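S.K.: This is structure-v4.txt, which holds compact mmCIF, C-alpha atoms:
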# COMPACT_ATOMS: atom_id res chain seq x y z
CA MET J 1 42.47 -44.39 85.21
CA LYS J 2 45.78 -46.22 84.96
CA VAL J 3 48.85 -44.24 86.04
CA ASP J 4 51.92 -44.99 83.95
CA ASP J 5 55.41 -45.35 85.41
CA ALA J 6 56.55 -41.93 84.25
CA THR J 7 53.62 -40.21 85.97
CA LEU J 8 54.18 -42.21 89.13
CA GLU J 9 57.88 -41.32 89.23
CA ALA J 10 56.98 -37.65 88.72
CA ILE J 11 54.58 -37.78 91.68
CA MET J 12 57.21 -39.39 93.88
CA ALA J 13 59.82 -36.84 92.85
CA ALA J 14 57.41 -34.02 93.67
CA VAL J 15 56.77 -35.46 97.13
CA VAL J 16 60.50 -35.75 97.83
CA ARG J 17 61.09 -32.15 96.68
CA ARG J 18 58.27 -30.95 98.93
CA LEU J 19 59.71 -32.79 101.93
CA ALA J 20 63.14 -31.35 101.26
CA ALA J 21 61.64 -27.87 100.97
CA ASP J 22 59.82 -28.31 104.30
CA VAL J 23 63.07 -29.28 106.02
CA GLU J 24 64.92 -26.34 104.50
CA ALA J 25 62.17 -23.94 105.54
CA ALA J 26 62.23 -25.25 109.12
CA ALA J 27 66.02 -25.11 109.45
CA PRO J 28 67.76 -23.22 106.63
CA GLY J 29 71.04 -24.78 105.54
CA THR J 30 70.32 -28.18 107.07
CA THR J 31 68.56 -29.89 104.17
CA THR J 32 70.90 -32.90 104.29
CA GLY J 33 71.45 -33.00 108.05
CA GLY J 34 70.41 -36.34 109.47
CA TRP J 35 69.65 -37.73 106.01
CA GLY J 36 72.78 -39.87 105.74
CA GLY J 37 75.78 -38.94 103.62
CA ALA J 38 79.08 -37.95 105.19
CA GLU J 39 77.56 -37.58 108.66
CA GLY J 40 76.56 -41.24 108.60
CA HIS J 41 73.13 -40.75 110.17
CA ALA J 42 70.43 -43.31 109.44
CA CYS J 43 67.42 -42.15 107.46
CA THR J 44 64.44 -41.50 109.71
CA THR J 45 60.85 -40.48 109.11
CA ASP J 46 58.30 -38.76 111.26
CA ALA J 47 56.08 -41.05 113.29
CA ARG J 48 52.92 -42.11 111.49
CA PRO J 49 49.64 -40.60 112.64
CA VAL J 50 47.40 -42.91 114.59
CA HIS J 51 45.44 -43.41 111.39
CA ALA J 52 45.14 -41.88 107.93
CA VAL J 53 41.52 -42.72 107.16
CA ASP J 54 39.58 -39.79 105.74
CA ARG J 55 36.22 -39.15 107.42
CA PRO J 56 36.09 -42.41 109.42
CA LEU J 57 32.69 -43.56 110.65
CA PHE J 58 34.04 -44.81 114.01
CA GLU J 59 37.17 -42.77 114.62
CA ALA J 60 37.34 -43.61 118.34
CA ALA J 61 37.82 -47.31 117.50
CA LEU J 62 40.80 -46.80 115.16
CA PRO J 63 43.51 -46.14 117.82
CA LYS J 64 42.47 -49.34 119.60
CA LEU J 65 42.72 -51.36 116.40
CA VAL J 66 46.10 -49.89 115.47
CA ALA J 67 47.46 -50.65 118.95
CA LEU J 68 46.64 -54.35 118.55
CA THR J 69 49.02 -55.07 115.66
CA PRO J 70 52.16 -53.83 113.86
CA SER J 71 50.40 -54.61 110.56
CA GLN J 72 49.45 -51.86 108.12
CA ILE J 73 45.85 -51.01 109.05
CA ALA J 74 43.84 -47.80 109.07
CA VAL J 75 46.23 -46.37 106.48
CA GLY J 76 43.60 -44.71 104.34
CA ARG J 77 43.53 -44.53 100.55
CA ALA J 78 43.53 -42.14 97.64
CA GLY J 79 40.74 -43.33 95.38
CA ASN J 80 41.40 -47.06 95.08
CA ARG J 81 45.15 -46.72 95.64
CA PHE J 82 47.60 -46.37 98.52
CA LYS J 83 48.37 -42.89 99.71
CA THR J 84 51.81 -41.70 98.63
CA ASP J 85 53.28 -41.92 102.13
CA LEU J 86 52.19 -45.55 102.54
CA TYR J 87 53.36 -46.41 99.02
CA LEU J 88 56.84 -45.09 99.81
CA ARG J 89 56.92 -46.94 103.14
CA THR J 90 55.88 -50.15 101.38
CA ARG J 91 58.66 -49.74 98.84
CA GLU J 92 61.08 -49.18 101.73
CA GLY J 93 59.86 -52.35 103.43
CA GLN J 94 60.26 -54.31 100.21
CA ALA J 95 63.81 -53.01 99.83
CA ASP J 96 64.59 -54.09 103.42
CA ALA J 97 63.27 -57.57 102.65
CA ARG J 98 65.34 -57.87 99.47
CA ASP J 99 68.44 -56.70 101.33
CA ALA J 100 67.82 -59.28 104.04
CA VAL J 101 67.55 -62.13 101.52
CA HIS J 102 70.88 -61.19 99.97
CA SER J 103 72.65 -60.41 103.25
CA GLU J 104 75.44 -62.54 104.73
CA VAL J 105 76.69 -63.06 108.27
CA ASP J 106 80.09 -61.59 109.08
CA GLY J 107 82.87 -64.15 108.83
CA GLY J 108 83.83 -63.75 112.49
CA TRP J 109 80.34 -64.28 113.92
CA ALA J 110 80.67 -68.03 114.41
CA ARG J 111 83.92 -67.89 116.39
CA ALA J 112 82.72 -64.90 118.42
CA ASN J 113 79.70 -66.95 119.53
CA ASP J 114 81.61 -70.19 120.14
CA CYS J 115 80.29 -71.98 117.07
CA VAL J 116 82.06 -74.36 114.70
CA PRO J 117 81.75 -72.84 111.19
CA LEU J 118 80.35 -75.03 108.42
CA GLN J 119 78.97 -74.55 104.90
CA THR J 120 76.42 -76.35 102.77
CA ARG J 121 76.93 -77.50 99.20
CA ALA J 122 75.79 -74.08 97.95
CA ARG J 123 78.89 -72.30 96.68
CA ASP J 124 77.49 -68.78 97.01
CA ARG J 125 74.32 -66.89 97.90
CA HIS J 126 73.08 -66.93 94.34
CA GLU J 127 73.24 -70.73 94.09
CA TYR J 128 71.71 -71.05 97.54
CA LEU J 129 68.65 -69.05 96.48
CA LEU J 130 68.22 -70.81 93.14
CA TYR J 131 68.75 -74.40 94.29
CA PRO J 132 67.24 -75.00 97.76
CA ASN J 133 68.46 -78.61 97.99
CA GLN J 134 72.05 -77.37 97.96
CA GLY J 135 71.38 -75.80 101.35
CA ARG J 136 70.11 -79.05 102.89
CA ARG J 137 73.40 -80.94 102.84
CA LEU J 138 76.91 -80.07 104.02
CA ASP J 139 79.81 -79.75 101.63
CA ALA J 140 82.57 -82.36 101.92
CA PRO J 141 84.93 -80.41 104.26
CA SER J 142 82.04 -79.51 106.59
CA ARG J 143 80.77 -83.08 106.63
CA ALA J 144 84.25 -84.22 107.64
CA THR J 145 84.29 -81.61 110.42
CA VAL J 146 80.97 -82.82 111.84
CA GLU J 147 82.11 -86.44 111.62
CA GLY J 148 84.81 -85.44 114.09
CA TYR J 149 81.95 -85.02 116.58
CA GLY J 150 80.25 -88.23 115.45
CA GLY J 151 78.61 -90.28 118.15
CA THR J 152 78.87 -87.58 120.81
CA LYS J 153 75.10 -88.02 121.30
CA PRO J 154 74.09 -84.65 122.77
CA ASP J 155 70.62 -84.35 124.24
CA VAL J 156 70.07 -81.29 122.06
CA GLN J 157 72.24 -80.45 119.09
CA ILE J 158 72.19 -76.66 118.59
CA ILE J 159 72.68 -75.36 115.05
CA VAL J 160 72.61 -71.79 113.78
CA GLY J 161 71.91 -71.19 110.09
CA ASP J 162 71.87 -67.93 108.16
CA GLY J 163 68.77 -69.01 106.24
CA LEU J 164 66.85 -66.53 104.13
CA SER J 165 67.74 -63.57 106.33
CA ALA J 166 71.33 -63.42 107.51
CA ASN J 167 70.51 -60.00 108.97
CA ALA J 168 68.30 -61.78 111.51
CA ILE J 169 71.29 -63.73 112.78
CA THR J 170 73.46 -60.61 112.91
CA VAL J 171 70.84 -58.63 114.84
CA ASN J 172 69.17 -61.23 117.07
CA GLY J 173 71.18 -64.44 116.76
CA ALA J 174 73.62 -63.99 119.65
CA ALA J 175 70.92 -63.16 122.21
CA THR J 176 68.72 -66.05 121.11
CA LEU J 177 71.61 -68.52 121.11
CA ALA J 178 72.64 -67.43 124.62
CA ALA J 179 69.06 -67.81 125.87
CA LEU J 180 68.86 -71.34 124.45
CA ARG J 181 72.16 -72.36 126.03
CA ARG J 182 71.05 -71.07 129.44
CA ALA J 183 67.67 -72.79 129.20
CA PHE J 184 69.14 -76.15 128.17
CA ALA J 185 71.81 -75.99 130.86
CA GLY J 186 69.08 -75.28 133.39
CA ARG J 187 67.41 -78.56 132.38
CA GLY J 188 70.69 -80.44 132.60
CA TRP J 189 70.67 -81.26 128.87
CA ARG J 190 74.00 -81.83 127.13
CA THR J 191 74.42 -79.75 123.98
CA GLY J 192 77.98 -80.49 122.85
CA ALA J 193 79.45 -78.31 120.07
CA THR J 194 77.30 -75.63 118.45
CA PHE J 195 77.53 -75.40 114.67
CA PHE J 196 77.03 -72.33 112.46
CA VAL J 197 76.08 -73.23 108.89
CA LYS J 198 76.49 -70.80 106.00
CA PHE J 199 73.88 -70.97 103.22
CA ALA J 200 71.66 -73.14 105.43
CA ARG J 201 68.20 -74.53 104.87
CA ILE J 202 66.27 -76.13 107.72
CA GLY J 203 66.98 -79.63 106.44
CA VAL J 204 70.72 -79.35 107.09
CA ALA J 205 69.92 -79.96 110.77
CA ASP J 206 68.82 -83.50 109.83
CA GLU J 207 72.27 -84.44 108.56
CA ILE J 208 74.08 -82.91 111.53
CA GLY J 209 71.74 -84.57 114.02
CA VAL J 210 72.21 -87.98 112.41
CA VAL J 211 76.02 -87.71 112.37
CA THR J 212 76.31 -86.57 115.99
CA GLY J 213 73.66 -89.05 117.16
CA ALA J 214 71.65 -86.28 118.80
CA ARG J 215 68.49 -87.01 120.71
CA ALA J 216 67.03 -83.79 119.27
CA THR J 217 68.10 -80.88 117.07
CA VAL J 218 67.27 -77.19 117.29
CA ILE J 219 68.19 -75.00 114.36
CA LEU J 220 68.00 -71.25 114.77
CA VAL J 221 67.57 -69.79 111.28
CA GLY J 222 66.79 -66.47 109.60
CA GLU J 223 63.18 -66.40 108.38
CA ARG J 224 62.05 -65.57 104.88
CA PRO J 225 61.50 -61.82 105.30
CA GLY J 226 58.30 -59.95 104.66
CA LEU J 227 57.71 -56.21 104.70
CA GLY J 228 59.67 -54.80 107.63
CA THR J 229 60.57 -58.23 109.06
CA GLY J 230 64.16 -58.68 107.93
CA ASP J 231 65.35 -59.35 111.49
CA SER J 232 63.01 -62.22 112.36
CA LEU J 233 64.27 -65.65 113.44
CA SER J 234 62.66 -69.08 113.60
CA LEU J 235 63.54 -72.11 115.72
CA TYR J 236 62.88 -75.57 114.25
CA LEU J 237 62.84 -78.46 116.72
CA ALA J 238 63.10 -82.15 115.84
CA VAL J 239 63.42 -85.30 117.94
CA ASN J 240 64.92 -88.54 116.66
CA PRO J 241 66.49 -86.76 113.67
CA LYS J 242 66.81 -88.57 110.36
CA LEU J 243 67.76 -87.51 106.85
CA ASP J 244 64.99 -85.68 104.99
CA GLN J 245 62.78 -85.74 108.06
CA ASP J 246 59.31 -84.50 107.20
CA ASN J 247 58.47 -81.02 108.45
CA ALA J 248 55.29 -82.46 109.97
CA GLU J 249 57.58 -84.13 112.51
CA LYS J 250 59.10 -80.79 113.52
CA ASN J 251 57.91 -77.90 115.67
CA CYS J 252 58.50 -74.25 114.82
CA ILE J 253 58.70 -71.13 116.95
CA SER J 254 58.71 -68.12 114.64
CA ASN J 255 58.96 -64.34 114.82
CA VAL J 256 61.74 -64.34 117.41
CA ARG J 257 62.79 -60.69 117.66
CA PRO J 258 62.31 -57.72 120.01
CA ILE J 259 58.79 -56.85 118.77
CA GLY J 260 57.77 -60.51 118.50
CA ILE J 261 58.77 -63.41 120.75
CA ILE J 262 61.77 -62.32 122.81
CA PRO J 263 64.72 -64.76 123.10
CA ALA J 264 64.02 -65.79 126.71
CA GLU J 265 60.41 -66.62 125.87
CA ALA J 266 61.46 -68.56 122.76
CA ALA J 267 63.94 -70.56 124.83
CA ALA J 268 61.30 -71.35 127.45
CA GLN J 269 58.87 -72.53 124.76
CA THR J 270 61.62 -74.69 123.25
CA VAL J 271 62.21 -76.39 126.59
CA THR J 272 58.48 -77.00 127.03
CA ILE J 273 58.15 -78.58 123.58
CA LEU J 274 61.29 -80.71 123.86
CA THR J 275 60.35 -81.93 127.33
CA ARG J 276 57.05 -83.24 125.98
CA SER J 277 58.79 -84.63 122.89
CA PHE J 278 61.27 -86.57 125.02
CA GLU J 279 58.42 -87.93 127.16
CA ARG J 280 56.38 -89.12 124.17
CA GLY J 281 59.14 -89.89 121.70
CA VAL J 282 57.54 -87.84 118.92
CA GLY J 283 57.46 -84.27 117.71
CA GLY J 284 55.59 -82.05 115.31
CA VAL J 285 51.93 -82.74 114.55
CA ALA J 286 51.96 -86.00 116.51
CA LEU J 287 52.94 -84.12 119.66
CA GLY J 288 49.61 -82.35 119.78
CA LEU J 289 51.11 -79.22 121.32
CA GLY J 290 49.85 -75.96 119.86
CA TRP J 291 48.49 -72.56 120.80
CA GLY J 292 45.60 -72.91 123.23
CA ARG J 293 46.20 -76.65 123.83
CA GLN J 294 48.02 -78.21 126.78
Please render this file's structure as structure tokens.
M.R.:
Amino acid sequence: MKVDDATLEAIMAAVVRRLAADVEAAAPGTTTGGWGGAEGHACTTDARPVHAVDRPLFEAALPKLVALTPSQIAVGRAGNRFKTDLYLRTREGQADARDAVHSEVDGGWARANDCVPLQTRARDRHEYLLYPNQGRRLDAPSRATVEGYGGTKPDVQIIVGDGLSANAITVNGAATLAALRRAFAGRGWRTGATFFVKFARIGVADEIGVVTGARATVILVGERPGLGTGDSLSLYLAVNPKLDQDNAEKNCISNVRPIGIIPAEAAAQTVTILTRSFERGVGGVALGLGWGRQ
């Protein structure tokens, strides 16, 4: 039986009323306490049960499976649909992802992290999302700024781009950038100026690397968010940069965040990949470096 939108909204409203009633019954007069509003508290939910599968055949195995991944598993079902709790959590995750896509980095972030601020040809977030190529080239003033560093020939040109999740830069960008700087300094690699690019796509690193004459580029960029992953970063590495360099010639380290690859580990992996790239003069697929291969 198909459930129409009106029925679905009624079910959701009933669940919310029941939750509010439970809170009121537990602590009369505190229905809104901790739910946001004037007190400014973040919304929180009770921890999920280990699993929500009704009458499981192998219940002892479910906690082990759940512990292996942050993915939504062992969540149970109501008929052939999600349970209401999971449905609401999924909608929340979708809202987080949409917010991340439309987020922007604070104007003072670049200076606070010793970066030279730049912008692509995209005039605003809307244009950036609609026309990807606008995010792959610098606007005229930014191009002129980078040309001021032309021919500096750093070993590794570091670039930070807001990408498709500016929230990821706000939350995890500073720690990841600091870890990269420490790791590169430890190898004795010159990095020169660090650039922060607003409305950036990965390809903007090609232009910057060519202008500065870099031996390699590393762009730290906000990933396209999925459910509950609006704070995830990726690092894209390229040696011998050139305009419109094929992504097959680049290496990627993704899911850089506290519950994924921590900044120090991402920086160490970057050094490992670039060291091999410098030795062989190639990167990406031709490098032959991947999980489980040495």
S.K.: Please indicate the distance in Å from atom CA of J:Arg89 to atom CA of J:Val171, rounded to one decimal place.
M.R.: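 Going from atom CA of J:Arg89 over to atom CA of J:Val171 covers 21.6 Å.
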S.K.: Hey, which of J:Asn247, J:Thr120, J:Ser234, J:Ser71 ends up closest to J:Pro132? Count all atoms listed in the file.
M.R.: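 That would be J:Thr120, the residue with the smallest distance to J:Pro132.
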S.K.: In terms of the shortest atom-to-atom distance over only C-alpha atoms, which of J:Phe199, J:Tyr149, J:Tyr131, J:Phe184 is closest to J:Ala267?
M.R.: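 The closest residue to J:Ala267 is J:Phe184.
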S.K.: Under the rule of at most 6 Å, produce a per-residue listing of stretch 115-140 of chain J near stretch 200-223 of chain J: chain, number, name, the closest pair of atoms, and the distance in Å, as CSV, using all atoms listed in the file.
M.R.:
residue,atom,partner,partner_atom,distance
J:Gly135,CA,J:Ala200,CA,4.9
J:Arg136,CA,J:Val204,CA,4.3
J:Arg137,CA,J:Val204,CA,5.3
S.K.: With a distance cut-off of 12 Å and all atoms listed in the file, select the neighbouring residues of J:Arg181, excluding the residue or stretch itself and same-chain residues fewer than 6 positions from it, and output the selection as a JSON list (two decimals) with C-alpha atoms, in the frame of the given file.
M.R.:
[["chain", "number", "residue", "atom", "x", "y", "z"],
["J", 113, "ASN", "CA", 79.70, -66.95, 119.53],
["J", 114, "ASP", "CA", 81.61, -70.19, 120.14],
["J", 156, "VAL", "CA", 70.07, -81.29, 122.06],
["J", 157, "GLN", "CA", 72.24, -80.45, 119.09],
["J", 158, "ILE", "CA", 72.19, -76.66, 118.59],
["J", 159, "ILE", "CA", 72.68, -75.36, 115.05],
["J", 174, "ALA", "CA", 73.62, -63.99, 119.65],
["J", 175, "ALA", "CA", 70.92, -63.16, 122.21],
["J", 187, "ARG", "CA", 67.41, -78.56, 132.38],
["J", 188, "GLY", "CA", 70.69, -80.44, 132.60],
["J", 189, "TRP", "CA", 70.67, -81.26, 128.87],
["J", 190, "ARG", "CA", 74.00, -81.83, 127.13],
["J", 191, "THR", "CA", 74.42, -79.75, 123.98],
["J", 192, "GLY", "CA", 77.98, -80.49, 122.85],
["J", 193, "ALA", "CA", 79.45, -78.31, 120.07],
["J", 194, "THR", "CA", 77.30, -75.63, 118.45],
["J", 218, "VAL", "CA", 67.27, -77.19, 117.29],
["J", 263, "PRO", "CA", 64.72, -64.76, 123.10],
["J", 264, "ALA", "CA", 64.02, -65.79, 126.71],
["J", 266, "ALA", "CA", 61.46, -68.56, 122.76],
["J", 267, "ALA", "CA", 63.94, -70.56, 124.83],
["J", 268, "ALA", "CA", 61.30, -71.35, 127.45],
["J", 270, "THR", "CA", 61.62, -74.69, 123.25],
["J", 271, "VAL", "CA", 62.21, -76.39, 126.59]]
S.K.: Tell me, in Å to one decimal, how far atom CA of J:Lys64 is from atom CA of J:Ile253.
M.R.: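 According to the coordinates, atom CA of J:Lys64 and atom CA of J:Ile253 are separated by 27.3 Å.
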S.K.: In Å, with one decimal, what is the gap from atom CA of J:Gly173 to atom CA of J:Glu104?
M.R.: 12.9 Å
S.K.: Between J:Ala14, J:Phe58, J:Ala183, J:Arg77, which residue has the minimum interatomic distance to J:Thr272, considering only C-alpha atoms?
M.R.: J:Ala183
S.K.: So which residues touch J:Val285 within 12 Å, counting all atoms listed in the file, skipping near sequence neighbours fewer than 4 positions away, as a PDB file with C-alpha atoms, in the coordinates of the input?
M.R.:
ATOM      1  CA  LEU J 237      62.840 -78.460 116.720  1.00  0.00           C
ATOM      2  CA  ALA J 238      63.100 -82.150 115.840  1.00  0.00           C
ATOM      3  CA  ASP J 246      59.310 -84.500 107.200  1.00  0.00           C
ATOM      4  CA  ASN J 247      58.470 -81.020 108.450  1.00  0.00           C
ATOM      5  CA  ALA J 248      55.290 -82.460 109.970  1.00  0.00           C
ATOM      6  CA  GLU J 249      57.580 -84.130 112.510  1.00  0.00           C
ATOM      7  CA  LYS J 250      59.100 -80.790 113.520  1.00  0.00           C
ATOM      8  CA  ASN J 251      57.910 -77.900 115.670  1.00  0.00           C
ATOM      9  CA  CYS J 252      58.500 -74.250 114.820  1.00  0.00           C
ATOM     10  CA  ILE J 273      58.150 -78.580 123.580  1.00  0.00           C
ATOM     11  CA  SER J 277      58.790 -84.630 122.890  1.00  0.00           C
ATOM     12  CA  LEU J 289      51.110 -79.220 121.320  1.00  0.00           C
ATOM     13  CA  GLY J 290      49.850 -75.960 119.860  1.00  0.00           C
TER      14      GLY J 290
END
S.K.: Considering all atoms listed in the file, state which residue in the set J:Val116, J:Ile169, J:Leu130, J:Val15 is at the smallest distance from J:Val146.
M.R.: J:Val116
S.K.: Of the residues J:Gln119, J:Asn255, J:Asn172, J:Gly163, which is the one nearest to J:Ala144, using all atoms listed in the file?
M.R.: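 Checking each of J:Gln119, J:Asn255, J:Asn172, J:Gly163 against J:Ala144, counting all atoms listed in the file, the winner is J:Gln119.
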